$ cat structure-v1.pdb   # PDB, C-alpha atoms
ATOM      1  CA  MET A  26     -81.915  26.468  57.470
ATOM      2  CA  ASN A  27     -83.747  29.720  58.155
ATOM      3  CA  ASN A  28     -81.072  32.366  58.500
ATOM      4  CA  GLU A  29     -83.171  35.493  58.095
ATOM      5  CA  VAL A  30     -83.465  38.315  60.590
ATOM      6  CA  CYS A  31     -87.013  39.645  60.609
ATOM      7  CA  VAL A  32     -86.957  43.323  61.519
ATOM      8  CA  ASN A  33     -90.618  43.502  62.507
ATOM      9  CA  LYS A  34     -91.065  40.283  64.442
ATOM     10  CA  ASN A  35     -93.897  41.811  66.463
ATOM     11  CA  ALA A  36     -96.118  41.779  63.391
ATOM     12  CA  SER A  37     -99.203  39.599  63.570
ATOM     13  CA  HIS A  38     -97.999  37.384  60.707
ATOM     14  CA  THR A  39     -94.845  35.985  62.292
ATOM     15  CA  LYS A  40     -95.387  32.796  60.309
ATOM     16  CA  VAL A  41     -93.830  34.487  57.255
ATOM     17  CA  LYS A  42     -90.256  33.254  56.811
ATOM     18  CA  ALA A  43     -87.467  34.084  54.356
ATOM     19  CA  VAL A  44     -84.364  32.039  53.535
ATOM     20  CA  LEU A  45     -81.249  33.265  51.698
ATOM     21  CA  GLU A  46     -80.652  30.396  49.274
ATOM     22  CA  ASN A  47     -77.183  31.477  48.105
ATOM     23  CA  ARG A  48     -75.893  32.164  51.604
ATOM     24  CA  CYS A  49     -72.760  30.027  51.066
ATOM     25  CA  ILE A  50     -71.547  32.273  48.242
ATOM     26  CA  PHE A  51     -72.250  35.437  50.221
ATOM     27  CA  GLU A  52     -70.282  34.049  53.168
ATOM     28  CA  GLN A  53     -67.198  33.576  50.998
ATOM     29  CA  PHE A  54     -67.413  37.199  49.877
ATOM     30  CA  GLU A  55     -68.156  38.404  53.406
ATOM     31  CA  LYS A  56     -64.843  36.969  54.670
ATOM     32  CA  ASN A  57     -63.032  39.437  52.402
ATOM     33  CA  THR A  58     -65.534  42.335  52.834
ATOM     34  CA  THR A  59     -67.900  42.255  49.869
ATOM     35  CA  GLU A  60     -67.642  45.031  47.279
ATOM     36  CA  MET A  61     -70.297  46.072  44.752
ATOM     37  CA  VAL A  62     -69.504  48.362  41.844
ATOM     38  CA  VAL A  63     -71.706  51.412  41.286
ATOM     39  CA  THR A  64     -71.584  53.302  37.978
ATOM     40  CA  LYS A  65     -73.346  56.220  36.366
ATOM     41  CA  GLN A  66     -75.200  53.905  33.955
ATOM     42  CA  GLY A  67     -75.932  51.345  36.698
ATOM     43  CA  ARG A  68     -74.304  47.998  37.482
ATOM     44  CA  ARG A  69     -76.024  44.764  38.494
ATOM     45  CA  MET A  70     -75.161  43.143  41.792
ATOM     46  CA  PHE A  71     -73.163  39.960  42.000
ATOM     47  CA  PRO A  72     -73.828  37.993  43.988
ATOM     48  CA  SER A  73     -77.462  39.023  44.102
ATOM     49  CA  PRO A  74     -79.717  37.831  46.953
ATOM     50  CA  GLU A  75     -81.822  34.791  46.104
ATOM     51  CA  ILE A  76     -84.545  34.110  48.641
ATOM     52  CA  THR A  77     -87.479  31.774  49.215
ATOM     53  CA  LEU A  78     -90.587  32.730  51.171
ATOM     54  CA  SER A  79     -92.948  30.641  53.260
ATOM     55  CA  GLY A  80     -95.928  31.327  55.487
ATOM     56  CA  LEU A  81     -97.660  33.705  53.051
ATOM     57  CA  ASP A  82    -101.416  33.677  52.582
ATOM     58  CA  PRO A  83    -101.713  31.752  49.281
ATOM     59  CA  ASN A  84    -104.757  33.778  48.163
ATOM     60  CA  ILE A  85    -103.443  37.305  48.777
ATOM     61  CA  LEU A  86    -101.388  39.414  46.365
ATOM     62  CA  TYR A  87     -97.961  40.508  47.576
ATOM     63  CA  TYR A  88     -95.275  42.882  46.355
ATOM     64  CA  VAL A  89     -91.636  41.968  46.993
ATOM     65  CA  VAL A  90     -89.475  45.065  47.400
ATOM     66  CA  MET A  91     -85.797  45.662  48.133
ATOM     67  CA  ASP A  92     -84.138  48.750  49.550
ATOM     68  CA  PHE A  93     -80.821  49.559  51.231
ATOM     69  CA  THR A  94     -79.939  51.085  54.544
ATOM     70  CA  ALA A  95     -76.590  52.320  55.820
ATOM     71  CA  ALA A  96     -74.818  49.539  57.714
ATOM     72  CA  ASP A  97     -73.022  52.075  59.926
ATOM     73  CA  ASN A  98     -72.175  55.769  60.189
ATOM     74  CA  ALA A  99     -68.709  55.467  58.667
ATOM     75  CA  LYS A 100     -67.024  56.127  55.369
ATOM     76  CA  TYR A 101     -64.264  53.773  54.212
ATOM     77  CA  LYS A 102     -61.084  53.732  52.159
ATOM     78  CA  TRP A 103     -58.849  50.920  50.905
ATOM     79  CA  SER A 104     -55.420  51.086  52.506
ATOM     80  CA  LYS A 105     -52.803  48.594  51.339
ATOM     81  CA  GLU A 106     -54.628  45.306  52.006
ATOM     82  CA  ASN A 107     -57.518  46.332  54.237
ATOM     83  CA  TRP A 108     -60.562  48.565  54.489
ATOM     84  CA  VAL A 109     -60.155  51.275  57.126
ATOM     85  CA  LEU A 110     -62.465  53.973  58.484
ATOM     86  CA  HIS A 111     -62.205  57.324  56.727
ATOM     87  CA  GLY A 112     -64.502  59.725  58.466
ATOM     88  CA  GLU A 113     -68.283  59.847  58.825
ATOM     89  CA  ARG A 114     -70.747  58.801  56.137
ATOM     90  CA  ASP A 115     -72.434  61.334  53.870
ATOM     91  CA  THR A 116     -75.702  62.564  55.345
ATOM     92  CA  GLN A 117     -77.221  63.597  51.992
ATOM     93  CA  TRP A 118     -77.870  60.030  50.910
ATOM     94  CA  SER A 119     -81.348  58.520  51.125
ATOM     95  CA  SER A 120     -82.353  55.097  49.796
ATOM     96  CA  ASN A 121     -84.852  54.470  47.040
ATOM     97  CA  THR A 122     -86.591  51.146  46.480
ATOM     98  CA  PHE A 123     -86.655  48.431  43.840
ATOM     99  CA  VAL A 124     -89.930  46.621  43.243
ATOM    100  CA  HIS A 125     -89.479  43.080  41.973
ATOM    101  CA  PRO A 126     -90.632  43.093  38.317
ATOM    102  CA  GLU A 127     -92.976  40.113  38.845
ATOM    103  CA  SER A 128     -94.934  41.916  41.561
ATOM    104  CA  PRO A 129     -97.693  41.529  42.477
ATOM    105  CA  LEU A 130     -98.184  37.780  42.710
ATOM    106  CA  LEU A 131    -100.308  35.579  44.895
ATOM    107  CA  GLY A 132     -98.644  34.208  48.008
ATOM    108  CA  ALA A 133     -98.950  30.707  46.555
ATOM    109  CA  GLN A 134     -96.963  31.811  43.472
ATOM    110  CA  TRP A 135     -94.193  33.501  45.448
ATOM    111  CA  MET A 136     -93.720  30.433  47.637
ATOM    112  CA  LYS A 137     -93.143  28.151  44.636
ATOM    113  CA  LYS A 138     -90.050  29.933  43.321
ATOM    114  CA  ILE A 139     -86.640  31.297  44.192
ATOM    115  CA  ILE A 140     -86.913  35.085  44.161
ATOM    116  CA  ASN A 141     -83.860  36.880  42.787
ATOM    117  CA  PHE A 142     -82.993  40.518  42.132
ATOM    118  CA  LYS A 143     -80.662  40.065  39.166
ATOM    119  CA  THR A 144     -82.271  42.858  37.141
ATOM    120  CA  MET A 145     -81.667  45.480  39.827
ATOM    121  CA  LYS A 146     -78.843  47.952  39.158
ATOM    122  CA  LEU A 147     -76.729  50.086  41.463
ATOM    123  CA  THR A 148     -75.797  53.618  40.428
ATOM    124  CA  ASN A 149     -74.033  56.630  41.940
ATOM    125  CA  SER A 150     -75.947  59.101  39.774
ATOM    126  CA  ILE A 151     -79.099  60.722  41.134
ATOM    127  CA  SER A 152     -80.161  61.572  37.576
ATOM    128  CA  ASN A 153     -80.265  57.832  36.817
ATOM    129  CA  SER A 154     -82.347  56.875  39.829
ATOM    130  CA  PHE A 155     -85.434  55.692  37.927
ATOM    131  CA  GLY A 156     -85.535  51.915  38.304
ATOM    132  CA  ASN A 157     -82.066  51.885  39.902
ATOM    133  CA  ILE A 158     -80.749  52.057  43.442
ATOM    134  CA  VAL A 159     -78.660  55.157  44.167
ATOM    135  CA  LEU A 160     -75.693  54.564  46.486
ATOM    136  CA  SER A 161     -72.595  56.509  47.514
ATOM    137  CA  SER A 162     -69.226  54.902  46.934
ATOM    138  CA  MET A 163     -66.995  54.010  49.890
ATOM    139  CA  HIS A 164     -70.012  53.436  52.143
ATOM    140  CA  LYS A 165     -71.244  50.145  53.599
ATOM    141  CA  TYR A 166     -74.839  49.099  52.959
ATOM    142  CA  GLN A 167     -77.315  46.529  54.186
ATOM    143  CA  PRO A 168     -79.926  45.221  51.696
ATOM    144  CA  ARG A 169     -83.435  44.680  53.052
ATOM    145  CA  VAL A 170     -86.281  42.624  51.593
ATOM    146  CA  HIS A 171     -89.875  43.726  52.200
ATOM    147  CA  VAL A 172     -92.926  41.564  51.613
ATOM    148  CA  VAL A 173     -95.816  43.995  51.119
ATOM    149  CA  PRO A 174     -99.428  42.743  50.969
ATOM    150  CA  ASP A 175    -101.947  44.156  48.520
ATOM    151  CA  CYS A 176    -102.752  47.769  49.368
ATOM    152  CA  ASP A 177    -106.339  47.139  50.545
ATOM    153  CA  VAL A 178    -105.315  44.246  52.768
ATOM    154  CA  TYR A 179    -102.411  46.243  54.205
ATOM    155  CA  LEU A 180    -104.614  49.250  54.974
ATOM    156  CA  ASN A 181    -106.973  46.948  56.842
ATOM    157  CA  ASN A 182    -104.003  45.911  59.016
ATOM    158  CA  SER A 183    -104.791  42.245  58.518
ATOM    159  CA  HIS A 184    -101.391  41.517  56.890
ATOM    160  CA  PRO A 185     -98.681  44.048  57.834
ATOM    161  CA  ILE A 186     -95.398  44.431  55.922
ATOM    162  CA  SER A 187     -92.650  41.898  56.687
ATOM    163  CA  THR A 188     -89.049  43.113  56.475
ATOM    164  CA  PHE A 189     -86.042  40.776  56.366
ATOM    165  CA  VAL A 190     -82.311  41.499  56.498
ATOM    166  CA  PHE A 191     -79.399  39.130  55.827
ATOM    167  CA  LYS A 192     -76.140  40.297  57.376
ATOM    168  CA  GLU A 193     -74.118  38.200  54.910
ATOM    169  CA  CYS A 194     -75.293  40.560  52.152
ATOM    170  CA  GLN A 195     -73.621  43.690  53.525
ATOM    171  CA  PHE A 196     -71.169  45.317  51.104
ATOM    172  CA  ILE A 197     -69.105  48.415  50.433
ATOM    173  CA  ALA A 198     -70.047  50.364  47.311
ATOM    174  CA  VAL A 199     -67.048  51.110  45.053
ATOM    175  CA  THR A 200     -66.441  52.531  41.595
ATOM    176  CA  ALA A 201     -63.752  49.872  40.981
ATOM    177  CA  TYR A 202     -62.842  46.732  42.902
ATOM    178  CA  GLN A 203     -60.146  47.370  45.479
ATOM    179  CA  ASN A 204     -59.441  43.915  46.905
ATOM    180  CA  PRO A 205     -57.951  41.460  44.347
ATOM    181  CA  LYS A 206     -59.505  38.571  46.282
ATOM    182  CA  ILE A 207     -62.976  39.971  45.625
ATOM    183  CA  THR A 208     -62.145  40.233  41.917
ATOM    184  CA  ASP A 209     -61.084  36.577  41.906
ATOM    185  CA  LEU A 210     -64.322  35.502  43.604
ATOM    186  CA  LYS A 211     -66.427  37.514  41.163
ATOM    187  CA  ILE A 212     -64.724  35.870  38.191
ATOM    188  CA  LYS A 213     -64.929  32.429  39.774
ATOM    189  CA  TYR A 214     -68.657  32.476  40.571
ATOM    190  CA  ASN A 215     -70.226  34.915  38.126
ATOM    191  CA  PRO A 216     -71.671  32.901  35.199
ATOM    192  CA  PHE A 217     -71.322  35.994  32.980
ATOM    193  CA  ALA A 218     -67.564  36.237  33.631
ATOM    194  CA  LYS A 219     -66.680  33.442  31.199
ATOM    195  CA  GLY A 220     -64.668  35.841  29.038
ATOM    196  CA  PHE A 221     -62.535  36.881  32.007
ATOM    197  CA  ARG A 222     -61.852  33.243  32.928
ATOM    198  CA  GLU A 223     -60.787  32.424  29.369
ATOM    199  CA  GLN A 224     -58.623  35.536  29.236
ATOM    200  CA  ARG A 225     -56.792  34.459  32.376
ATOM    201  CA  LYS A 226     -55.976  31.112  30.810
ATOM    202  CA  ARG A 227     -54.028  32.931  28.119
ATOM    203  CA  LYS A 228     -50.759  34.688  28.818
ATOM    204  CA  LEU A 229     -51.459  38.338  29.540
ATOM    205  CA  PRO A 230     -49.004  41.242  29.761
ATOM    206  CA  ILE A 231     -47.838  41.617  33.345
ATOM    207  CA  GLN A 232     -49.360  45.118  33.477
ATOM    208  CA  GLN A 233     -52.860  43.672  32.990
ATOM    209  CA  ILE A 234     -52.547  41.274  35.925
ATOM    210  CA  SER A 235     -53.169  42.199  39.556
ATOM    211  CA  SER A 236     -50.376  42.030  42.110
ATOM    212  CA  PHE A 237     -52.094  39.067  43.762
ATOM    213  CA  GLU A 238     -52.139  37.184  40.453
ATOM    214  CA  GLN A 239     -48.526  38.155  39.731
ATOM    215  CA  SER A 240     -47.368  36.508  42.958
ATOM    216  CA  ILE A 241     -49.204  33.291  42.052
ATOM    217  CA  ILE A 242     -47.763  33.255  38.507
ATOM    218  CA  LYS A 243     -44.210  33.834  39.774
ATOM    219  CA  LYS A 244     -44.548  31.009  42.285
ATOM    220  CA  ARG A 245     -45.856  28.619  39.634
ATOM    221  CA  LYS A 246     -43.006  29.529  37.268
ATOM    222  CA  LYS A 247     -40.460  28.946  40.026
ATOM    223  CA  ASP A 248     -41.960  25.559  40.946
ATOM    224  CA  LYS A 249     -42.055  24.546  37.287
ATOM    225  CA  PHE A 250     -38.399  25.566  36.809
ATOM    226  CA  ASN A 251     -37.273  23.621  39.892
ATOM    227  CA  THR A 252     -39.175  20.536  38.762
ATOM    228  CA  LYS A 253     -37.578  20.730  35.324
ATOM    229  CA  GLN A 254     -34.108  21.134  36.799
ATOM    230  CA  ASP A 255     -34.617  18.154  39.096
ATOM    231  CA  SER A 256     -35.591  16.007  36.120
ATOM    232  CA  VAL A 257     -32.316  16.709  34.290
ATOM    233  CA  ASP A 258     -29.478  14.421  35.255
ATOM    234  CA  LYS A 259     -26.457  16.690  34.971
ATOM    235  CA  GLY A 260     -24.140  13.763  35.663
ATOM    236  CA  GLU A 261     -25.305  11.960  32.545
ATOM    237  CA  GLU A 262     -24.811  15.056  30.426
ATOM    238  CA  SER A 263     -21.297  15.650  31.720
ATOM    239  CA  ILE A 264     -20.088  12.082  31.273
ATOM    240  CA  PHE A 265     -21.494  11.867  27.749
ATOM    241  CA  THR A 266     -19.795  15.142  26.820
ATOM    242  CA  ASN A 267     -16.466  13.974  28.218
ATOM    243  CA  LEU A 268     -16.637  10.588  26.529
ATOM    244  CA  ILE A 269     -17.124  12.035  23.038
ATOM    245  CA  LEU A 270     -14.154  14.383  23.280
ATOM    246  CA  PRO A 271     -10.954  13.505  21.367
ATOM    247  CA  SER A 272      -8.647  11.073  23.109
ATOM    248  CA  SER A 273      -6.133  13.844  23.728
ATOM    249  CA  GLU A 274      -8.524  15.295  26.342
ATOM    250  CA  ARG A 275      -9.385  13.696  29.625
ATOM    251  CA  PHE A 276     -12.506  13.863  31.760
ATOM    252  CA  ASP A 277     -12.207  14.381  35.461
ATOM    253  CA  LEU A 278     -14.827  12.350  37.314
ATOM    254  CA  SER A 279     -14.514  10.631  40.668
ATOM    255  CA  ALA A 280     -14.751   6.857  40.828
ATOM    256  CA  GLU A 281     -17.850   7.069  43.020
ATOM    257  CA  LYS A 282     -19.671   9.149  40.425
ATOM    258  CA  LEU A 283     -18.591   6.866  37.610
ATOM    259  CA  ILE A 284     -19.979   3.921  39.528
ATOM    260  CA  ASP A 285     -23.275   5.737  39.998
ATOM    261  CA  GLU A 286     -23.434   6.635  36.333
ATOM    262  CA  LEU A 287     -22.185   3.489  34.645
ATOM    263  CA  THR A 288     -23.215   0.534  36.784
ATOM    264  CA  ILE A 289     -26.952   0.888  36.238
ATOM    265  CA  PRO A 290     -28.023  -1.481  33.415
ATOM    266  CA  GLY A 291     -30.232   0.301  30.893
ATOM    267  CA  SER A 292     -29.289   3.824  32.040
ATOM    268  CA  THR A 293     -28.602   6.525  29.481
ATOM    269  CA  SER A 294     -24.964   6.779  30.564
ATOM    270  CA  ARG A 295     -24.536   3.040  30.265
ATOM    271  CA  LYS A 296     -25.968   3.036  26.746
ATOM    272  CA  ASN A 297     -23.791   6.009  25.754
ATOM    273  CA  LEU A 298     -20.704   4.255  27.034
ATOM    274  CA  GLU A 299     -21.545   1.036  25.197
ATOM    275  CA  LEU A 300     -22.102   3.086  22.058
ATOM    276  CA  LEU A 301     -18.762   4.859  22.418
ATOM    277  CA  CYS A 302     -16.909   1.609  23.051
ATOM    278  CA  GLN A 303     -17.543   0.688  19.425
ATOM    279  CA  PRO A 304     -15.153   1.965  16.685
ATOM    280  CA  TYR A 305     -16.384   5.274  15.287
ATOM    281  CA  PHE A 306     -14.972   7.272  12.398
ATOM    282  CA  ASN A 307     -16.271  10.687  11.423
ATOM    283  CA  TYR A 308     -19.114  10.386  13.951
ATOM    284  CA  SER A 309     -22.297  11.955  12.533
ATOM    285  CA  GLY A 310     -22.818  15.432  13.939
ATOM    286  CA  PHE A 311     -19.173  16.126  14.720
ATOM    287  CA  ASN A 312     -16.443  17.672  12.582
ATOM    288  CA  GLN A 313     -13.619  15.750  14.140
ATOM    289  CA  THR A 314     -12.426  12.154  13.893
ATOM    290  CA  ILE A 315     -12.750  10.157  17.095
ATOM    291  CA  ALA A 316     -10.267   7.372  17.473
ATOM    292  CA  GLU A 317     -11.467   3.943  18.430
ATOM    293  CA  PRO A 318     -11.335   3.582  22.243
ATOM    294  CA  SER A 319      -8.624   1.298  23.530
ATOM    295  CA  PHE A 320     -10.806  -0.090  26.325
ATOM    296  CA  MET A 321     -13.890  -2.257  26.417
ATOM    297  CA  CYS A 322     -17.104  -1.416  28.174
ATOM    298  CA  ASP A 323     -17.455  -4.759  29.965
ATOM    299  CA  SER A 324     -14.000  -4.541  31.486
ATOM    300  CA  ILE A 325     -14.720  -1.103  32.960
ATOM    301  CA  TYR A 326     -18.055  -2.303  34.270
ATOM    302  CA  ASN A 327     -16.444  -5.361  35.919
ATOM    303  CA  ASP A 328     -13.731  -3.266  37.506
ATOM    304  CA  PHE A 329     -16.320  -1.026  39.177
ATOM    305  CA  MET A 330     -18.361  -3.981  40.382
TER     306      MET A 330
END

$ encode --input "structure-v1.pdb" --output "structure tokens"
Amino acid sequence: MNNEVCVNKNASHTKVKAVLENRCIFEQFEKNTTEMVVTKQGRRMFPSPEITLSGLDPNILYYVVMDFTAADNAKYKWSKENWVLHGERDTQWSSNTFVHPESPLLGAQWMKKIINFKTMKLTNSISNSFGNIVLSSMHKYQPRVHVVPDCDVYLNNSHPISTFVFKECQFIAVTAYQNPKITDLKIKYNPFAKGFREQRKRKLPIQQISSFEQSIIKKRKKDKFNTKQDSVDKGEESIFTNLILPSSERFDLSAEKLIDELTIPGSTSRKNLELLCQPYFNYSGFNQTIAEPSFMCDSIYNDFM
């Protein structure tokens, strides 16, 4: 499916098309407002646009270039669980460009591959602008892809520049991720985040885990505890404890509960009762002598039946 928006559709080479191949991943991030980290040293984008081109002249050299434009005139801030407007955007910012390192290539070569921009880095330092894209944090940006013909051909106006934008690729530049959901998506889909995934499998100090993760962990612990409690038959434990007490003590259980506990052939309570109906002296594990019971298991069972 062609999902590109060609900015200059009036160009004479409208046959040129671009498709965002990893659109599905971008859409998942877009639902939670995509964030991209910018650092002084430069940070690579993830996800990074992966596109395919068609309609190029197979015998002409092309450059593939990416730049960024402001998506709106606003500045943003993270408030509780949402991004909110926080004044107007900085007017000092101006975008620089990133030329794909394989440029130039013939149109036939570009059309045979998926074009990615994984080597491009985002920075917030003007002094580190060489080879990197300079962005301002807390601003929303729109990446643009330009297909530029060889200089001589372009000057002759026979093949103008084609510019494509993909709205799914919009993001807010940040110095640290603000939305825990975005962090989870980055770890889930980024192939270089294997260490983070393995770290999450281990038990981490609660201070190192986001509030979103803490809520999930607490819920899982609660469910696990409830499941464990449901699997323990407290009735069996109580009747076994009462039956092994000295004969001077009595257990207080209703007849209905005794029926439930003792009339099931093969049950733990049934086996315990049969065991205790045999004469025991100095039962192993106890420091007291238990007198031989004066009743028989079968008679009790028959009475309840």

$ atom_distance --input "structure-v1.pdb" --atom1 "CA of His184 (chain A)" --atom2 "CA of Val172 (chain A)"
10.0 Å

$ closest_residue --input "structure-v1.pdb" --among "A:Val109, A:Lys40, A:Ser128, A:Gln53" --to "Pro174 (chain A)" --atoms "all atoms listed in the file"
A:Ser128

$ residues_around --input "structure-v1.pdb" --residues "region 54-61 of chain A" --least-positions-apart "3" --cutoff "12 Å" --atoms "all atoms listed in the file" --output "PDB file with C-alpha atoms, keeping the file's coordinate frame"
ATOM      1  CA  ASN A  47     -77.183  31.477  48.105  1.00  0.00           C
ATOM      2  CA  ARG A  48     -75.893  32.164  51.604  1.00  0.00           C
ATOM      3  CA  CYS A  49     -72.760  30.027  51.066  1.00  0.00           C
ATOM      4  CA  ILE A  50     -71.547  32.273  48.242  1.00  0.00           C
ATOM      5  CA  PHE A  51     -72.250  35.437  50.221  1.00  0.00           C
ATOM      6  CA  THR A  64     -71.584  53.302  37.978  1.00  0.00           C
ATOM      7  CA  GLY A  67     -75.932  51.345  36.698  1.00  0.00           C
ATOM      8  CA  ARG A  68     -74.304  47.998  37.482  1.00  0.00           C
ATOM      9  CA  ARG A  69     -76.024  44.764  38.494  1.00  0.00           C
ATOM     10  CA  MET A  70     -75.161  43.143  41.792  1.00  0.00           C
ATOM     11  CA  PHE A  71     -73.163  39.960  42.000  1.00  0.00           C
ATOM     12  CA  PRO A  72     -73.828  37.993  43.988  1.00  0.00           C
ATOM     13  CA  SER A  73     -77.462  39.023  44.102  1.00  0.00           C
ATOM     14  CA  TYR A 101     -64.264  53.773  54.212  1.00  0.00           C
ATOM     15  CA  LYS A 102     -61.084  53.732  52.159  1.00  0.00           C
ATOM     16  CA  TRP A 103     -58.849  50.920  50.905  1.00  0.00           C
ATOM     17  CA  GLU A 106     -54.628  45.306  52.006  1.00  0.00           C
ATOM     18  CA  ASN A 107     -57.518  46.332  54.237  1.00  0.00           C
ATOM     19  CA  TRP A 108     -60.562  48.565  54.489  1.00  0.00           C
ATOM     20  CA  VAL A 109     -60.155  51.275  57.126  1.00  0.00           C
ATOM     21  CA  LYS A 146     -78.843  47.952  39.158  1.00  0.00           C
ATOM     22  CA  LEU A 147     -76.729  50.086  41.463  1.00  0.00           C
ATOM     23  CA  THR A 148     -75.797  53.618  40.428  1.00  0.00           C
ATOM     24  CA  ASN A 149     -74.033  56.630  41.940  1.00  0.00           C
ATOM     25  CA  LEU A 160     -75.693  54.564  46.486  1.00  0.00           C
ATOM     26  CA  SER A 161     -72.595  56.509  47.514  1.00  0.00           C
ATOM     27  CA  SER A 162     -69.226  54.902  46.934  1.00  0.00           C
ATOM     28  CA  MET A 163     -66.995  54.010  49.890  1.00  0.00           C
ATOM     29  CA  HIS A 164     -70.012  53.436  52.143  1.00  0.00           C
ATOM     30  CA  LYS A 165     -71.244  50.145  53.599  1.00  0.00           C
ATOM     31  CA  TYR A 166     -74.839  49.099  52.959  1.00  0.00           C
ATOM     32  CA  GLN A 167     -77.315  46.529  54.186  1.00  0.00           C
ATOM     33  CA  PRO A 168     -79.926  45.221  51.696  1.00  0.00           C
ATOM     34  CA  PHE A 191     -79.399  39.130  55.827  1.00  0.00           C
ATOM     35  CA  LYS A 192     -76.140  40.297  57.376  1.00  0.00           C
ATOM     36  CA  GLU A 193     -74.118  38.200  54.910  1.00  0.00           C
ATOM     37  CA  CYS A 194     -75.293  40.560  52.152  1.00  0.00           C
ATOM     38  CA  GLN A 195     -73.621  43.690  53.525  1.00  0.00           C
ATOM     39  CA  PHE A 196     -71.169  45.317  51.104  1.00  0.00           C
ATOM     40  CA  ILE A 197     -69.105  48.415  50.433  1.00  0.00           C
ATOM     41  CA  ALA A 198     -70.047  50.364  47.311  1.00  0.00           C
ATOM     42  CA  VAL A 199     -67.048  51.110  45.053  1.00  0.00           C
ATOM     43  CA  THR A 200     -66.441  52.531  41.595  1.00  0.00           C
ATOM     44  CA  ALA A 201     -63.752  49.872  40.981  1.00  0.00           C
ATOM     45  CA  TYR A 202     -62.842  46.732  42.902  1.00  0.00           C
ATOM     46  CA  GLN A 203     -60.146  47.370  45.479  1.00  0.00           C
ATOM     47  CA  ASN A 204     -59.441  43.915  46.905  1.00  0.00           C
ATOM     48  CA  PRO A 205     -57.951  41.460  44.347  1.00  0.00           C
ATOM     49  CA  LYS A 206     -59.505  38.571  46.282  1.00  0.00           C
ATOM     50  CA  ILE A 207     -62.976  39.971  45.625  1.00  0.00           C
ATOM     51  CA  THR A 208     -62.145  40.233  41.917  1.00  0.00           C
ATOM     52  CA  ASP A 209     -61.084  36.577  41.906  1.00  0.00           C
ATOM     53  CA  LEU A 210     -64.322  35.502  43.604  1.00  0.00           C
ATOM     54  CA  LYS A 211     -66.427  37.514  41.163  1.00  0.00           C
ATOM     55  CA  LYS A 213     -64.929  32.429  39.774  1.00  0.00           C
ATOM     56  CA  TYR A 214     -68.657  32.476  40.571  1.00  0.00           C
TER      57      TYR A 214
END

$ atom_distance --input "structure-v1.pdb" --atom1 "CA of Met145 (chain A)" --atom2 "CA of His111 (chain A)"
28.4 Å

$ atom_distance --input "structure-v1.pdb" --atom1 "CA of Val159 (chain A)" --atom2 "CA of Ser120 (chain A)"
6.7 Å

$ closest_residue --input "structure-v1.pdb" --among "A:Lys42, A:Arg114, A:Lys105, A:Arg169" --to "Phe142 (chain A)" --atoms "all atoms listed in the file"
A:Arg169

$ closest_residue --input "structure-v1.pdb" --among "A:Leu78, A:Val90, A:Leu130, A:Ala95" --to "Ile186 (chain A)" --atoms "only C-alpha atoms"
A:Val90

$ resolve_selection --input "structure-v1.pdb" --expression "the PyMOL selection byres ((chain A and resi 75) around 7)" --output "ChimeraX atom specification"
/A:45-47,73-74,76,139-141

$ write_last_selection --input "structure-v1.pdb" --atoms "C-alpha atoms" --output "PDB file, keeping the file's coordinate frame"
ATOM      1  CA  LEU A  45     -81.249  33.265  51.698  1.00  0.00           C
ATOM      2  CA  GLU A  46     -80.652  30.396  49.274  1.00  0.00           C
ATOM      3  CA  ASN A  47     -77.183  31.477  48.105  1.00  0.00           C
ATOM      4  CA  SER A  73     -77.462  39.023  44.102  1.00  0.00           C
ATOM      5  CA  PRO A  74     -79.717  37.831  46.953  1.00  0.00           C
ATOM      6  CA  ILE A  76     -84.545  34.110  48.641  1.00  0.00           C
ATOM      7  CA  ILE A 139     -86.640  31.297  44.192  1.00  0.00           C
ATOM      8  CA  ILE A 140     -86.913  35.085  44.161  1.00  0.00           C
ATOM      9  CA  ASN A 141     -83.860  36.880  42.787  1.00  0.00           C
TER      10      ASN A 141
END

$ closest_residue --input "structure-v1.pdb" --among "A:Gly80, A:Val41, A:Asn98, A:Val124" --to "Phe155 (chain A)" --atoms "only C-alpha atoms"
A:Val124
